[in-house]
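Shown here: upload10.cif, mmCIF, C-alpha atoms.
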data_entry
loop_
_atom_site.label_atom_id
_atom_site.label_comp_id
_atom_site.auth_asym_id
_atom_site.auth_seq_id
_atom_site.Cartn_x
_atom_site.Cartn_y
_atom_site.Cartn_z
CA MET A 154 -129.42 158.00 -6.55
CA LYS A 155 -130.49 155.92 -9.52
CA ARG A 156 -126.88 154.89 -10.15
CA PHE A 157 -126.49 153.89 -6.47
CA ALA A 158 -129.61 151.69 -6.64
CA ILE A 159 -128.27 149.95 -9.74
CA VAL A 160 -124.95 149.27 -7.98
CA VAL A 161 -126.78 147.82 -4.96
CA LEU A 162 -128.84 145.56 -7.20
CA LEU A 163 -125.72 144.39 -9.03
CA ILE A 164 -124.00 143.57 -5.72
CA ALA A 165 -127.07 141.67 -4.51
CA PHE A 166 -127.19 139.77 -7.80
CA VAL A 167 -123.50 138.81 -7.58
CA LEU A 168 -123.91 137.69 -3.96
CA SER A 169 -126.95 135.59 -4.87
CA LEU A 170 -124.88 133.84 -7.53
CA ALA A 171 -122.04 133.24 -5.08
CA ALA A 172 -124.26 131.91 -2.27
CA PRO A 173 -124.71 128.39 -3.73
CA ALA A 174 -120.98 128.14 -4.31
CA LEU A 175 -120.25 129.20 -0.74
CA ALA A 176 -122.80 126.69 0.57
CA GLN A 177 -121.12 123.95 -1.40
CA ASP A 178 -117.84 124.73 0.36
CA VAL A 179 -119.29 123.58 3.68
CA VAL A 180 -118.53 119.90 4.29
CA GLU A 181 -121.20 117.95 6.18
CA LEU A 182 -120.04 114.73 7.81
CA ASP A 183 -122.34 111.89 8.82
CA PHE A 184 -121.69 110.51 12.31
CA MET A 185 -123.60 107.28 13.10
CA CYS A 186 -123.90 107.17 16.88
CA TYR A 187 -125.55 104.88 19.40
CA GLN A 188 -125.99 105.63 23.08
CA ASP A 189 -126.78 103.85 26.33
CA GLY A 190 -127.45 107.13 28.06
CA SER A 191 -126.85 110.60 26.62
CA GLU A 192 -123.59 110.08 24.71
CA CYS A 193 -124.86 111.17 21.30
CA THR A 194 -126.57 114.23 22.74
CA ILE A 195 -123.27 115.23 24.34
CA TYR A 196 -121.45 114.69 21.04
CA GLU A 197 -123.97 116.95 19.29
CA ASP A 198 -123.10 119.70 21.73
CA LEU A 199 -119.33 119.18 21.52
CA LEU A 200 -119.39 119.04 17.72
CA ALA A 201 -121.55 122.15 17.47
CA ARG A 202 -118.68 123.93 19.23
CA PHE A 203 -116.23 122.34 16.82
CA SER A 204 -118.25 123.73 13.89
CA GLU A 205 -118.24 127.19 15.46
CA GLU A 206 -114.43 127.02 15.44
CA ASN A 207 -114.40 125.38 11.98
CA PRO A 208 -117.38 126.86 10.09
CA SER A 209 -116.51 124.98 6.89
CA ILE A 210 -117.30 121.64 8.60
CA THR A 211 -120.60 120.49 10.11
CA VAL A 212 -121.28 117.10 11.67
CA ALA A 213 -124.73 115.53 11.58
CA VAL A 214 -124.99 113.18 14.55
CA ASN A 215 -127.36 110.40 13.50
CA THR A 216 -128.48 108.62 16.69
CA VAL A 217 -129.48 105.01 16.02
CA PRO A 218 -130.29 101.97 18.18
CA TYR A 219 -127.35 99.76 19.15
CA THR A 220 -128.81 96.96 17.01
CA THR A 221 -128.31 99.16 13.93
CA VAL A 222 -124.61 99.52 14.66
CA ARG A 223 -124.33 95.89 15.66
CA ASP A 224 -126.28 94.24 12.84
CA GLN A 225 -126.61 96.68 9.92
CA LEU A 226 -123.51 98.86 9.85
CA ARG A 227 -121.21 96.22 8.35
CA VAL A 228 -123.72 95.53 5.55
CA GLN A 229 -123.90 99.24 4.87
CA VAL A 230 -120.10 99.54 4.84
CA GLU A 231 -119.64 96.55 2.52
CA ALA A 232 -122.21 98.08 0.16
CA GLY A 233 -120.06 101.20 -0.11
CA GLN A 234 -122.42 103.33 2.01
CA ALA A 235 -120.34 103.80 5.14
CA PRO A 236 -120.92 106.85 7.32
CA ASP A 237 -117.98 109.21 7.63
CA ILE A 238 -117.67 108.50 11.37
CA ALA A 239 -119.28 105.92 13.65
CA ARG A 240 -119.41 104.91 17.30
CA ILE A 241 -118.89 101.15 17.41
CA THR A 242 -118.16 98.31 19.83
CA ASP A 243 -116.79 95.62 17.47
CA PHE A 244 -113.32 97.06 16.94
CA ALA A 245 -111.81 94.22 14.90
CA GLY A 246 -114.96 93.32 12.99
CA MET A 247 -114.48 95.82 10.19
CA ALA A 248 -110.68 96.03 10.19
CA GLY A 249 -109.60 97.01 6.69
CA PHE A 250 -112.50 99.43 6.21
CA TYR A 251 -111.33 102.10 8.64
CA LEU A 252 -109.65 105.36 7.71
CA ASP A 253 -105.98 105.54 8.73
CA LEU A 254 -105.73 108.75 10.74
CA ARG A 255 -101.96 108.69 11.19
CA PRO A 256 -101.02 110.64 8.01
CA LEU A 257 -103.95 113.03 8.47
CA MET A 258 -103.57 114.06 12.12
CA MET A 259 -101.61 117.09 13.21
CA ASP A 260 -100.35 115.13 16.21
CA PRO A 261 -100.62 111.31 15.91
CA SER A 262 -98.99 110.92 19.33
CA LEU A 263 -102.23 112.20 20.85
CA LEU A 264 -103.77 108.89 19.82
CA GLU A 265 -100.75 106.63 19.91
CA ASP A 266 -99.51 107.59 23.38
CA ASN A 267 -102.79 107.80 25.27
CA PHE A 268 -104.59 104.53 24.57
CA PRO A 269 -103.66 100.86 25.14
CA GLY A 270 -101.65 99.37 22.28
CA ALA A 271 -103.76 96.20 22.27
CA ILE A 272 -106.88 98.25 21.57
CA LEU A 273 -105.25 100.31 18.82
CA ALA A 274 -104.02 97.08 17.21
CA ALA A 275 -107.56 95.67 17.22
CA PHE A 276 -108.60 98.19 14.55
CA ARG A 277 -105.86 97.06 12.16
CA ALA A 278 -106.13 94.54 9.35
CA GLU A 279 -103.63 91.65 9.41
CA ASP A 280 -101.11 93.36 7.11
CA ASP A 281 -101.39 96.72 8.89
CA MET A 282 -98.67 97.21 11.50
CA SER A 283 -98.95 100.89 12.33
CA GLY A 284 -102.30 102.36 11.28
CA LEU A 285 -104.23 104.55 13.70
CA HIS A 286 -107.91 104.15 12.96
CA GLY A 287 -109.89 105.12 16.05
CA TYR A 288 -109.94 105.50 19.80
CA PRO A 289 -112.05 104.18 22.70
CA ASP A 290 -114.23 106.96 24.08
CA ALA A 291 -114.75 105.15 27.38
CA LEU A 292 -113.61 102.22 29.44
CA THR A 293 -116.49 100.03 30.52
CA VAL A 294 -116.40 97.54 33.37
CA THR A 295 -118.79 94.69 34.17
CA ALA A 296 -120.01 94.08 37.72
CA PRO A 297 -123.30 93.50 39.54
CA TYR A 298 -125.82 96.18 40.48
CA VAL A 299 -127.70 95.47 43.69
CA ASN A 300 -130.95 96.92 45.07
CA ALA A 301 -129.72 97.93 48.53
CA THR A 302 -133.20 98.99 49.61
CA LEU A 303 -134.45 95.42 49.24
CA PHE A 304 -131.57 94.14 51.38
CA GLU A 305 -132.49 96.71 54.02
CA GLN A 306 -136.18 95.78 53.89
CA ALA A 307 -135.29 92.10 54.24
CA GLY A 308 -132.94 92.80 57.14
CA VAL A 309 -130.07 91.10 55.31
CA ASP A 310 -126.49 92.38 55.28
CA LEU A 311 -124.78 92.75 51.94
CA PRO A 312 -122.19 89.97 51.55
CA SER A 313 -119.65 92.58 50.44
CA ASP A 314 -120.16 94.37 53.78
CA MET A 315 -119.89 91.19 55.83
CA MET A 316 -116.78 89.58 54.37
CA ASP A 317 -113.68 90.46 52.40
CA GLU A 318 -114.13 88.03 49.51
CA PRO A 319 -117.78 86.96 49.16
CA THR A 320 -118.19 84.12 46.67
CA TRP A 321 -120.88 83.46 44.12
CA ASP A 322 -122.37 80.96 46.60
CA ASP A 323 -122.47 83.65 49.30
CA TRP A 324 -124.21 86.11 47.00
CA LEU A 325 -126.73 83.64 45.59
CA ALA A 326 -127.73 82.53 49.08
CA ALA A 327 -128.22 86.13 50.21
CA LEU A 328 -130.16 87.02 47.06
CA ASP A 329 -132.51 84.10 47.64
CA VAL A 330 -133.28 85.28 51.16
CA VAL A 331 -133.88 88.87 50.05
CA ALA A 332 -136.10 87.89 47.12
CA SER A 333 -138.18 85.60 49.32
CA ALA A 334 -138.54 88.18 52.10
CA THR A 335 -139.56 90.98 49.72
CA GLY A 336 -141.84 88.94 47.47
CA LEU A 337 -139.74 89.17 44.30
CA GLN A 338 -139.67 86.29 41.84
CA TYR A 339 -136.20 87.01 40.50
CA SER A 340 -133.07 87.06 42.60
CA MET A 341 -130.74 87.84 39.70
CA ALA A 342 -130.86 88.95 36.06
CA ILE A 343 -128.06 89.14 33.51
CA ASP A 344 -127.91 90.40 29.92
CA ASN A 345 -127.78 87.62 27.32
CA LYS A 346 -124.32 88.49 26.14
CA GLY A 347 -121.16 86.41 26.13
CA HIS A 348 -119.38 89.58 27.25
CA ARG A 349 -121.44 89.76 30.47
CA PHE A 350 -121.18 85.99 30.96
CA ALA A 351 -117.38 86.14 30.75
CA GLY A 352 -116.61 87.96 34.00
CA PRO A 353 -118.42 85.50 36.29
CA ALA A 354 -117.00 82.58 34.28
CA MET A 355 -113.45 83.94 34.67
CA SER A 356 -114.01 84.43 38.39
CA LEU A 357 -115.08 80.80 38.57
CA GLY A 358 -111.81 79.80 36.92
CA ALA A 359 -112.49 79.96 33.18
CA THR A 360 -109.49 80.37 30.86
CA PHE A 361 -110.74 81.64 27.52
CA PHE A 362 -107.61 81.36 25.37
CA ASP A 363 -104.92 78.81 24.65
CA GLU A 364 -101.22 79.65 24.39
CA ASP A 365 -101.69 80.86 20.82
CA GLY A 366 -104.48 83.26 21.77
CA ASN A 367 -107.29 81.15 20.28
CA PHE A 368 -110.57 80.49 22.08
CA ASP A 369 -110.38 77.19 23.97
CA LEU A 370 -113.58 76.67 25.94
CA GLU A 371 -115.02 73.22 25.22
CA ASP A 372 -113.72 71.53 28.38
CA ASP A 373 -113.31 74.63 30.53
CA GLU A 374 -114.66 73.96 34.02
CA GLY A 375 -115.08 77.60 35.01
CA TYR A 376 -117.15 78.41 31.94
CA ARG A 377 -119.30 75.36 32.51
CA ALA A 378 -119.72 76.23 36.19
CA PHE A 379 -121.40 79.56 35.46
CA ALA A 380 -123.54 78.00 32.74
CA VAL A 381 -124.81 75.49 35.31
CA ILE A 382 -125.49 78.28 37.83
CA LEU A 383 -127.59 80.20 35.30
CA LYS A 384 -129.50 77.11 34.18
CA ASP A 385 -130.30 76.20 37.78
CA LEU A 386 -131.59 79.74 38.34
CA MET A 387 -133.75 79.55 35.19
CA ASP A 388 -135.11 76.13 36.07
CA ALA A 389 -136.04 77.47 39.52
CA GLY A 390 -137.64 80.59 38.04
CA LYS A 391 -135.16 82.83 39.84
CA THR A 392 -133.85 84.61 36.74
CA PRO A 393 -135.91 85.76 33.73
CA ALA A 394 -135.51 83.00 31.16
CA GLU A 395 -136.99 85.10 28.35
CA THR A 396 -133.86 87.25 28.39
CA TRP A 397 -131.90 84.30 27.00
CA LEU A 398 -134.42 82.01 25.35
CA GLY A 399 -135.85 82.41 21.88
CA THR A 400 -133.20 84.78 20.55
CA SER A 401 -129.51 84.79 19.78
CA GLN A 402 -129.54 88.59 19.68
CA TYR A 403 -128.49 90.80 22.55
CA THR A 404 -131.27 91.43 25.05
CA GLY A 405 -130.61 93.68 28.02
CA ALA A 406 -132.19 92.83 31.37
CA GLN A 407 -132.00 96.34 32.83
CA ASP A 408 -135.76 96.86 32.98
CA TYR A 409 -136.10 94.07 35.52
CA PHE A 410 -133.81 96.03 37.82
CA ILE A 411 -135.37 99.42 37.14
CA ASN A 412 -138.86 98.03 37.78
CA VAL A 413 -137.77 96.28 41.02
CA GLU A 414 -138.32 92.80 39.66
CA THR A 415 -134.87 91.47 40.55
CA VAL A 416 -132.50 91.98 43.48
CA MET A 417 -129.29 91.84 41.46
CA TYR A 418 -128.60 92.80 37.85
CA PHE A 419 -125.29 91.86 36.24
CA SER A 420 -124.28 94.35 33.56
CA GLY A 421 -121.78 97.18 33.41
CA SER A 422 -120.77 100.77 33.97
CA TRP A 423 -122.55 102.07 30.86
CA GLN A 424 -125.87 101.68 32.69
CA ILE A 425 -125.07 104.32 35.31
CA GLY A 426 -126.54 107.26 33.40
CA ARG A 427 -129.75 105.42 32.63
CA PHE A 428 -130.20 104.26 36.22
CA ALA A 429 -129.64 107.78 37.51
CA ALA A 430 -132.39 109.03 35.18
CA ASP A 431 -134.87 106.14 35.35
CA ILE A 432 -134.55 105.07 38.99
CA GLY A 433 -134.06 108.46 40.55
CA ASP A 434 -134.76 108.17 44.25
CA ALA A 435 -137.19 105.26 43.90
CA PHE A 436 -134.72 102.98 45.69
CA ASP A 437 -131.08 102.83 46.71
CA TRP A 438 -128.82 100.96 44.29
CA ILE A 439 -125.13 100.16 44.49
CA VAL A 440 -122.37 98.54 42.48
CA ALA A 441 -121.10 95.48 44.32
CA PRO A 442 -117.62 94.00 43.82
CA ASN A 443 -117.53 91.07 41.43
CA PRO A 444 -118.14 87.87 43.43
CA TYR A 445 -115.14 85.65 44.06
CA GLY A 446 -114.44 82.14 42.87
CA PRO A 447 -111.47 79.88 42.11
CA GLY A 448 -110.36 82.46 39.53
CA GLY A 449 -110.56 85.37 41.94
CA SER A 450 -112.79 88.37 41.23
CA THR A 451 -112.87 90.03 37.84
CA GLY A 452 -115.16 91.89 35.55
CA VAL A 453 -114.48 92.30 31.84
CA ALA A 454 -113.29 95.44 30.09
CA GLY A 455 -115.11 96.81 27.12
CA GLY A 456 -116.21 100.06 25.63
CA ALA A 457 -117.18 101.90 22.50
CA ALA A 458 -114.88 103.55 20.00
CA ILE A 459 -114.97 106.39 17.51
CA VAL A 460 -113.69 105.49 14.03
CA GLY A 461 -113.62 107.01 10.56
CA TYR A 462 -114.22 105.03 7.37
CA ALA A 463 -111.89 104.93 4.39
CA GLN A 464 -114.83 105.39 2.02
CA THR A 465 -115.33 108.97 3.18
CA GLU A 466 -114.99 111.68 0.56
CA HIS A 467 -113.60 114.01 3.24
CA PRO A 468 -110.73 112.23 5.02
CA GLU A 469 -108.98 115.41 6.20
CA GLU A 470 -112.18 116.73 7.79
CA VAL A 471 -112.92 113.37 9.44
CA ALA A 472 -109.44 113.38 10.96
CA MET A 473 -109.94 116.94 12.21
CA VAL A 474 -113.17 115.96 13.98
CA ILE A 475 -111.72 112.85 15.60
CA GLU A 476 -108.57 114.67 16.66
CA TYR A 477 -110.75 117.37 18.24
CA LEU A 478 -112.73 114.81 20.23
CA MET A 479 -109.46 113.31 21.52
CA GLN A 480 -108.20 116.61 22.91
CA PRO A 481 -107.82 115.99 26.66
CA GLU A 482 -110.14 118.83 27.67
CA VAL A 483 -112.85 117.72 25.23
CA TYR A 484 -112.52 114.03 26.15
CA GLN A 485 -112.55 114.97 29.83
CA GLU A 486 -115.80 116.89 29.40
CA PHE A 487 -117.37 113.98 27.54
CA SER A 488 -116.39 111.58 30.36
CA ALA A 489 -117.68 113.95 33.03
CA ARG A 490 -121.04 114.48 31.35
CA ALA A 491 -121.57 110.92 30.10
CA LEU A 492 -120.45 109.48 33.47
CA PHE A 493 -117.90 107.18 31.82
CA ILE A 494 -114.59 105.90 33.12
CA PRO A 495 -111.97 107.41 30.77
CA ALA A 496 -109.65 105.27 28.66
CA HIS A 497 -107.49 108.30 27.76
CA GLN A 498 -104.24 108.26 29.77
CA ALA A 499 -103.84 112.04 29.84
CA VAL A 500 -107.41 112.40 31.08
CA ILE A 501 -106.90 109.72 33.72
CA GLU A 502 -103.93 111.73 35.00
CA MET A 503 -105.94 114.98 34.89
CA GLY A 504 -108.85 113.40 36.73
CA VAL A 505 -112.53 113.72 35.93
CA ASP A 506 -115.00 115.77 37.96
CA PHE A 507 -118.10 113.78 37.12
CA GLN A 508 -121.13 116.00 36.65
CA THR A 509 -123.47 114.52 39.19
CA ASP A 510 -124.89 115.50 42.54
CA ASN A 511 -126.31 112.00 42.89
CA PRO A 512 -124.36 110.15 45.59
CA ALA A 513 -125.43 106.79 44.12
CA VAL A 514 -123.85 107.72 40.78
CA ALA A 515 -120.63 108.93 42.39
CA ALA A 516 -120.42 105.74 44.47
CA ALA A 517 -121.13 103.58 41.40
CA LEU A 518 -118.34 105.21 39.41
CA THR A 519 -115.98 104.62 42.32
CA GLY A 520 -117.17 101.03 42.59
CA PHE A 521 -116.48 100.30 38.94
CA ALA A 522 -113.12 102.06 39.07
CA ASN A 523 -112.17 99.81 42.01
CA GLU A 524 -112.76 96.76 39.81
CA VAL A 525 -110.20 97.81 37.18
CA PRO A 526 -107.08 96.78 39.18
CA LYS A 527 -108.57 93.29 39.61
CA PHE A 528 -108.94 92.65 35.87
CA HIS A 529 -107.51 89.40 34.55
CA GLU A 530 -105.29 89.91 31.51
CA GLN A 531 -107.80 87.89 29.50
CA ALA A 532 -110.57 90.18 30.75
CA VAL A 533 -108.91 93.09 28.92
CA ALA A 534 -107.99 91.02 25.86
CA LEU A 535 -111.47 89.57 25.27
CA ASN A 536 -113.32 92.50 23.73
CA ALA A 537 -110.37 93.47 21.53
CA HIS A 538 -109.91 89.91 20.22
CA PRO A 539 -110.50 89.56 16.45
CA GLN A 540 -113.07 86.84 17.14
CA ALA A 541 -114.75 88.53 20.08
CA PHE A 542 -118.06 89.14 18.39
CA ALA A 543 -118.05 85.74 16.74
CA TYR A 544 -117.72 84.34 20.26
CA TYR A 545 -120.52 86.58 21.54
CA ASP A 546 -122.91 85.42 18.82
CA ALA A 547 -121.99 81.74 19.09
CA SER A 548 -122.12 81.71 22.89
CA ASN A 549 -125.54 83.38 22.92
CA THR A 550 -126.90 80.72 20.57
CA ARG A 551 -125.36 77.68 22.24
CA LEU A 552 -126.02 78.79 25.81
CA ALA A 553 -129.65 79.55 24.93
CA GLN A 554 -130.00 76.03 23.50
CA TYR A 555 -128.55 74.59 26.70
CA PHE A 556 -130.80 76.71 28.92
CA ALA A 557 -133.84 75.65 26.86
CA GLY A 558 -132.93 71.96 27.19
CA GLU A 559 -132.37 71.58 23.45
CA LEU A 560 -128.73 70.60 24.00
CA THR A 561 -126.82 69.07 26.87
CA LEU A 562 -123.98 71.15 28.27
CA ASP A 563 -121.47 68.84 26.57
CA GLU A 564 -123.23 69.28 23.23
CA ALA A 565 -123.54 73.04 23.63
CA MET A 566 -119.86 73.45 24.49
CA ALA A 567 -118.77 71.18 21.64
CA ARG A 568 -120.81 73.17 19.12
CA LEU A 569 -119.58 76.46 20.55
CA GLN A 570 -115.98 75.34 20.16
CA GLU A 571 -116.66 74.01 16.66
CA GLN A 572 -117.98 77.42 15.59
CA LEU A 573 -115.02 79.21 17.12
CA ASP A 574 -112.56 76.83 15.45
CA GLU A 575 -114.26 77.33 12.09
CA GLY A 576 -114.11 81.09 12.56
CA ALA A 577 -110.41 80.95 13.37
CA ALA A 578 -109.75 78.78 10.32
CA ASN A 579 -111.67 81.16 8.08
CA MET A 580 -109.69 84.12 9.38
CA ALA A 581 -106.42 82.27 8.83
CA GLY A 582 -107.52 81.40 5.32
#

Show the structure stored in the file as structure tokens.
Amino acid sequence: MKRFAIVVLLIAFVLSLAAPALAQDVVELDFMCYQDGSECTIYEDLLARFSEENPSITVAVNTVPYTTVRDQLRVQVEAGQAPDIARITDFAGMAGFYLDLRPLMMDPSLLEDNFPGAILAAFRAEDDMSGLHGYPDALTVTAPYVNATLFEQAGVDLPSDMMDEPTWDDWLAALDVVASATGLQYSMAIDNKGHRFAGPAMSLGATFFDEDGNFDLEDDEGYRAFAVILKDLMDAGKTPAETWLGTSQYTGAQDYFINVETVMYFSGSWQIGRFAADIGDAFDWIVAPNPYGPGGSTGVAGGAAIVGYAQTEHPEEVAMVIEYLMQPEVYQEFSARALFIPAHQAVIEMGVDFQTDNPAVAAALTGFANEVPKFHEQAVALNAHPQAFAYYDASNTRLAQYFAGELTLDEAMARLQEQLDEGAANMAG
């Protein structure tokens, strides 16, 4: 008995010595994630399952505000402190810092064959012709949200129900009537983002790029036309000026819609989950088709992407995680739970049974999906352009100065173009 006890103690001692070594064999990856709805929460769940199947790898999902990803991540990366994985929106902005997944994936065709080539190319540095660095986890679409209850209370028909191709003039006139009849100050609100501004401008005839693919906006009549529309609305107090004035940083206007302070809110499909949660059954809301103009009717494509960083000490494990998230069944579940339009071709073909019993959400997803076939080519190219975020920043600043009366429209457009030209020259250099 004494000998047995000694053996047990020796085994326990050996195991206690081995435990730290075993613990060190577990790789923990840092995933910087932002969310508009519940995306990061869903990723935590999906990656917990991944870790059950791969117990030597854990993933810590670090949920941060979008401004952290937008304004601080690049500084962190350039300082050599990149996360292992991140969810980003500026695909081209950190090209050269991403991990090339191609040599690490078991099946690179999963990535290469299922996502648009233009988006995959956006992750690559100039001398990189074939790297696979990340994938879009959703396709986003811009279009207007409308408070249908206010239209009903005002006894006004929705322009999209009355005519086949309602114009911006048709919508603005109807919004005015509804706002007046229901006692609202604001008829329309829009996020202060050049991305959101682009769809209406394109519908009004704007052409963003010249033949060489460079931004060419200084004398563009369509771009100017929407700038004038927004300034007129601000001057009349019909759109919240504080969304645009006093900051060049992104400011969402969604709270004006949630709190029934505006009839229309121009944003995008990523708001669906939040509206389902925050509006509930307080009022009926719909996604209206993008208003028509000389350029037709188009929203702008966008989305977030999952990337790995070359600085990681665990490239094989990062590739395993990203490849897992791209598996059609996993991606499909993410789309269904996050209420996102998939960008994954195999998932599009499989179809997505969105997890909602909310008819407004189902109708909104259908509404946004109906906008995709109307996309201008430039509407898809914009967000993947190497200078996209330089344009977003510059347009926010110059448009805000025009709206505030600090610059004339001619001056604002000239300075916007000057910044874009300088940016293009710096990239070429």

Open item on the list: As a check of understanding, name the residues that the PyMOL selection byres ((chain A and resi 447) around 8) selects in the supplied structure, as a list in words.
Closed with: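 Given this file, the PyMOL selection byres ((chain A and resi 447) around 8) evaluates to Ser356, Leu357, Gly358, Tyr445, Gly446, Gly448 and Gly449 of chain A.
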
TODO: Rank nothing, just name the residue among A:Asn345, A:Asp365, A:Leu552, A:Tyr298 nearest to Trp438 of chain A, using only C-alpha atoms.
DONE: A:Tyr298

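Proximity of A:Phe419, A:Tyr251, A:Tyr187, A:Phe361 to Val440 of chain A, computed with only C-alpha atoms, is greatest for A:Phe419.
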
TODO: Could you tell me which residues the PyMOL selection byres ((chain A and resi 403-418) around 10) grabs in this file, written as a VMD selection string?
DONE: chain A and resid 219 to 220 223 296 to 304 324 to 325 327 to 329 331 to 332 335 to 347 391 to 393 395 to 398 400 to 402 419 to 421 424 427 to 428 431 to 433 435 to 436 438 to 441 545 to 546 549

Task: Nearest to Thr242 of chain A, chosen from A:Asp317, A:Asp290, A:Glu571, A:Asp260, with only C-alpha atoms counted in the distances - done: A:Asp290

TODO: For each of A:Leu311, A:Val294, A:Met355, A:Ala557, take the minimum atom-to-atom distance to Asn523 of chain A, counting only C-alpha atoms, then give the residue where this is smallest.
DONE: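 Nearest candidate to Asn523 of chain A out of A:Leu311, A:Val294, A:Met355, A:Ala557: A:Val294.
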
- [ ] Can you work out the spacing between atom CA of Arg202 of chain A and atom CA of Phe184 of chain A in Å, to one decimal?
- [x]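 Computing it gives 15.4 Å between the two atoms.
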
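Evaluated on this file, the PyMOL selection byres ((chain A and resi 488) around 10) matches Glu192, Ile195, Asp290, Ala291, Leu292, Glu482, Val483, Tyr484, Gln485, Glu486, Phe487, Ala489, Arg490, Ala491, Leu492, Phe493, Ile494, Pro495, Ala496, His497, Val500, Val505, Asp506, Phe507 and Gln508 of chain A.
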
- [ ] Point out the residue among A:Gln306, A:Arg377, A:Leu370, A:Ser422 with the least atom-to-atom distance to Tyr555 of chain A, counting all atoms listed in the file.
- [x] A:Arg377

Task: Pick from A:Met580, A:Lys384, A:Ala429, A:Gly461, whichever lies nearest to Met473 of chain A using only C-alpha atoms - done: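 When distances to Met473 of chain A are compared using only C-alpha atoms, the smallest one comes from A:Gly461.
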